[in-house]
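See structure below.
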Amino acid sequence: MSSSKHSSELRRLALSVLQPGFVGTEAPDWILRDIGDGLASVVLFSRNIVSTEQVARLTAQLRAENPDLIVAIDEEAGDVTRIESATGSSRPGNFALGTVDDAELTEAVAADLGRQLRTAGVSLDYAPSADVNSNPDNPIIGVRSFGSDPDVVSRHTAAWVRGLQSSGVAACAKHFPGHGDVAVDSHHDLPSYPAGRDEIAAQALPPFRAAVAAGVRAVMSGHLLVPAYDPGLPATLSRAILHGLLREELGFDGLVVSDAIEMGAVTRRHGIDGATVKAVAAGVDAVCVGGESAEEATVALLAKALTAAVTGGELPEERLAEAAGRVREFARWSAGLRAAGSA
């Protein structure tokens, strides 16, 4: 293969593993152009949303460039809502559902949300939070968790996954391997979860095991240091955690998505481009970016960093191709659901 052909194919692979955000309630030209060049996913935030009908028009506009495009959203209901950000969520959040502790209700709420998201053209929801809120000083999880008891959180994580996916929208359990027992906000700096492996297995992992057993299609990594598994790198950048623990020990074979890669927990040390390369090398299949860095230049920078890392030997091409393959597989599954639903 000629070097120019190879470099354009590498760029397509690199674009396919990014999940960028953008500004506006209509698709900007650069996003449509990047989709044409291989971008396989986008993520929507409240700045992109006026109403379900408008989002449906937006996702149709995006999918005119690629019918299999993955459209993600960060919609937990409760306190973290995008689809109802103007009014506040009409649905109870995780803590309320965990307090009521009726798994059928949780499943029904998630199924109802899934129907609204699917109508809007969304195919992947970065939810539920499967974190066990075991540290009362936690500044980031709080009521986003179903509670402080791993059994309760496991039961409702599984119910939420089943409910959402029954409506044809993929769930994404987060923030692996559990963001509940930290005292630092990872948007700003790197939190640490200093527990030993036995405590992690008993406290943090059960909801993720429950999500995998319920057939969850995606898992989001957390930007936290878990020294029992990797003393040097946060989970998002750790092969020991993403491959050894999530893939091999928990048996997860779906899509691994990073938490927002521009967050301080990973960029302060590695930069946004370095963090992206390290995340994919460690086992992330899709890099979420653009909650804050939502411009064309960021996508160009990250695609260039990934291709340079392959040509420079820092990122094996097989790993990038494997990640792109998982994204494609997910996109096909999702497109099949949409086709079945509209028939």
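Ligands are numbered from 1 in the order shown, residues from 1 within each chain, and chains are lettered A, B, ... in the order they appear in the structure tokens.
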Exercise. Enumerate the residues of region 149-280 of chain A with a DSSP assignment of alpha helix (DSSP H), computed from the backbone, and present them as a ChimeraX atom specification.
Key: /A:150-166,197-203,206-213,239,264-280
Contact table region 90-185 of chain A vs region 271-295 of chain A, cut-off 12 Å, shortest pair per residue, only C-alpha atoms, as CSV:
residue,atom,partner,partner_atom,distance
A:Leu124,CA,A:Ala286,CA,11.9
A:Tyr126,CA,A:Cys288,CA,10.1
A:Phe176,CA,A:Val284,CA,11.7
Exercise. Determine, counting only C-alpha atoms, which protein, DNA and RNA residues have an atom within 12 Å of an atom of Leu337 (chain A); residues of the same chain fewer than 6 positions away are not included. Present the result as an MDAnalysis selection string.
Key: chainID A and resid 68 118 121:124 165:170 330:331 343
Quiz prompt | Nearest to Gly98 (chain A) by atom-to-atom distance, counting only C-alpha atoms, from A:Thr307, A:Thr25, A:Gln203, A:Ser129 | solution =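 Under the stated criterion, the closest residue is A:Ser129.
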Quiz item: Expressed in Å to a single decimal, how great is the separation between CA of Arg162 (chain A) and CA of Glu53 (chain A)?
Solution: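 CA of Glu53 (chain A) lies at a distance of 25.3 Å from CA of Arg162 (chain A).
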Exercise. Can you pull out every residue within 12 Å of Gly36 (chain A), counting only C-alpha atoms, but drop anything in the same chain fewer than 3 positions away, and send it as JSON, numbers by chain?
Key: {"A": [11, 12, 15, 16, 29, 30, 31, 32, 33, 39, 40, 41, 62, 63, 64, 65, 66, 67, 68, 69]}
Output for the residues just chosen: N, CA, C and O atoms as a short mmCIF file (atom, residue, chain, number, x, y, z; two decimals), in the first residue's frame:
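What ended up in result00.cif:
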data_model
loop_
_atom_site.label_atom_id
_atom_site.label_comp_id
_atom_site.auth_asym_id
_atom_site.auth_seq_id
_atom_site.Cartn_x
_atom_site.Cartn_y
_atom_site.Cartn_z
N ARG A 11 -5.86 7.71 9.16
CA ARG A 11 -6.66 8.85 9.64
C ARG A 11 -8.13 8.44 9.79
O ARG A 11 -8.79 8.83 10.75
N ARG A 12 -8.63 7.63 8.86
CA ARG A 12 -10.02 7.14 9.00
C ARG A 12 -10.17 6.32 10.27
O ARG A 12 -11.16 6.46 11.00
N LEU A 15 -10.08 8.73 13.26
CA LEU A 15 -11.35 9.46 13.40
C LEU A 15 -12.45 8.56 13.93
O LEU A 15 -13.30 8.98 14.73
N SER A 16 -12.42 7.29 13.54
CA SER A 16 -13.52 6.39 13.92
C SER A 16 -13.54 6.07 15.41
O SER A 16 -14.57 5.64 15.93
N ASP A 29 -20.56 22.38 9.55
CA ASP A 29 -19.99 21.79 8.33
C ASP A 29 -18.82 20.86 8.65
O ASP A 29 -18.65 19.82 8.02
N TRP A 30 -17.99 21.25 9.63
CA TRP A 30 -16.78 20.45 9.89
C TRP A 30 -17.14 19.06 10.41
O TRP A 30 -16.46 18.09 10.07
N ILE A 31 -18.21 18.96 11.19
CA ILE A 31 -18.62 17.64 11.69
C ILE A 31 -19.09 16.77 10.53
O ILE A 31 -18.74 15.59 10.42
N LEU A 32 -19.88 17.35 9.63
CA LEU A 32 -20.36 16.59 8.47
C LEU A 32 -19.19 16.15 7.61
O LEU A 32 -19.16 15.01 7.12
N ARG A 33 -18.20 17.02 7.45
CA ARG A 33 -17.01 16.68 6.65
C ARG A 33 -16.23 15.55 7.33
O ARG A 33 -15.80 14.60 6.68
N LEU A 39 -15.26 9.73 10.73
CA LEU A 39 -15.75 9.89 12.09
C LEU A 39 -17.01 9.04 12.28
O LEU A 39 -17.95 9.14 11.49
N ALA A 40 -17.02 8.19 13.32
CA ALA A 40 -18.10 7.21 13.46
C ALA A 40 -19.08 7.53 14.57
O ALA A 40 -20.10 6.86 14.72
N SER A 41 -18.77 8.55 15.37
CA SER A 41 -19.62 8.89 16.52
C SER A 41 -19.61 10.39 16.78
O SER A 41 -18.62 11.07 16.48
N LEU A 62 -27.13 14.45 10.60
CA LEU A 62 -25.83 13.79 10.80
C LEU A 62 -25.78 12.44 10.09
O LEU A 62 -24.79 12.10 9.45
N ARG A 63 -26.87 11.67 10.20
CA ARG A 63 -26.86 10.32 9.63
C ARG A 63 -27.02 10.32 8.11
O ARG A 63 -26.81 9.29 7.47
N ALA A 64 -27.35 11.47 7.55
CA ALA A 64 -27.36 11.55 6.09
C ALA A 64 -25.95 11.33 5.55
O ALA A 64 -25.76 10.86 4.43
N GLU A 65 -24.93 11.64 6.37
CA GLU A 65 -23.54 11.42 5.98
C GLU A 65 -23.10 9.98 6.23
O GLU A 65 -22.20 9.48 5.57
N ASN A 66 -23.67 9.34 7.23
CA ASN A 66 -23.34 7.95 7.58
C ASN A 66 -24.51 7.36 8.36
O ASN A 66 -24.72 7.69 9.52
N PRO A 67 -25.29 6.47 7.72
CA PRO A 67 -26.48 5.93 8.37
C PRO A 67 -26.17 5.17 9.66
O PRO A 67 -27.04 5.04 10.52
N ASP A 68 -24.92 4.67 9.80
CA ASP A 68 -24.55 3.91 11.00
C ASP A 68 -23.93 4.78 12.09
O ASP A 68 -23.40 4.26 13.07
N LEU A 69 -23.96 6.10 11.93
CA LEU A 69 -23.32 6.99 12.91
C LEU A 69 -23.87 6.72 14.32
O LEU A 69 -25.08 6.60 14.52
#
Practice problem: Give me, please, the distance in Å between CA of Asn133 (chain A) and CA of Ser145 (chain A), quoted to one decimal. | Solution: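 It comes out at 5.9 Å.
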Self-check item: Distance of CA of Ala260 (chain A) from CA of Ala324 (chain A), expressed in Å to one decimal place
Solution: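 Separation between CA of Ala324 (chain A) and CA of Ala260 (chain A): 18.3 Å.
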Exercise. Select from region 11-216 of chain A everything DSSP, run on the backbone, classes as strand (DSSP E or B), then give the selection as a ChimeraX atom specification.
Key: /A:18-20,41-44,70-73,77,80,124-125,129,170-176,192
Quiz item: Between A:Val266, A:Leu315, A:Val216, A:Val132, which one has atoms that come closest to Thr236 (chain A), using only C-alpha atoms?
Solution: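 The shortest atom-to-atom distance to Thr236 (chain A) comes from A:Val266.
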Practice problem: Give the answer as one residue: which of A:Ile49, A:Ala210, A:Ala159, A:Ile200 has the shortest atom-to-atom distance to Asp102 (chain A), using only C-alpha atoms? | Solution: A:Ala159
Exercise. Considering only C-alpha atoms, return as a list of chain:residue names whatever protein or nucleic-acid residues lie within 10 Å of Leu233 (chain A), sequence-local ones (same chain, fewer than 3 positions apart) excluded.
Key: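 Here the qualifying residues turn out to be A:Leu190, A:His223, A:Leu224, A:Leu225, A:Val226, A:Pro227, A:Tyr229, A:Asp230, A:Thr236, A:Leu237, A:Ser238, A:Arg239, A:Ala240, A:Ile241, A:Val266, A:Lys278, A:Ala282.
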Exercise. Give me the residues within 9 Å of Lys174 (chain A) as a PyMOL selection string, counting only C-alpha atoms and dropping any in the same chain fewer than 4 places off.
Key: chain A and resi 126-131+178-179+208+218-222+259
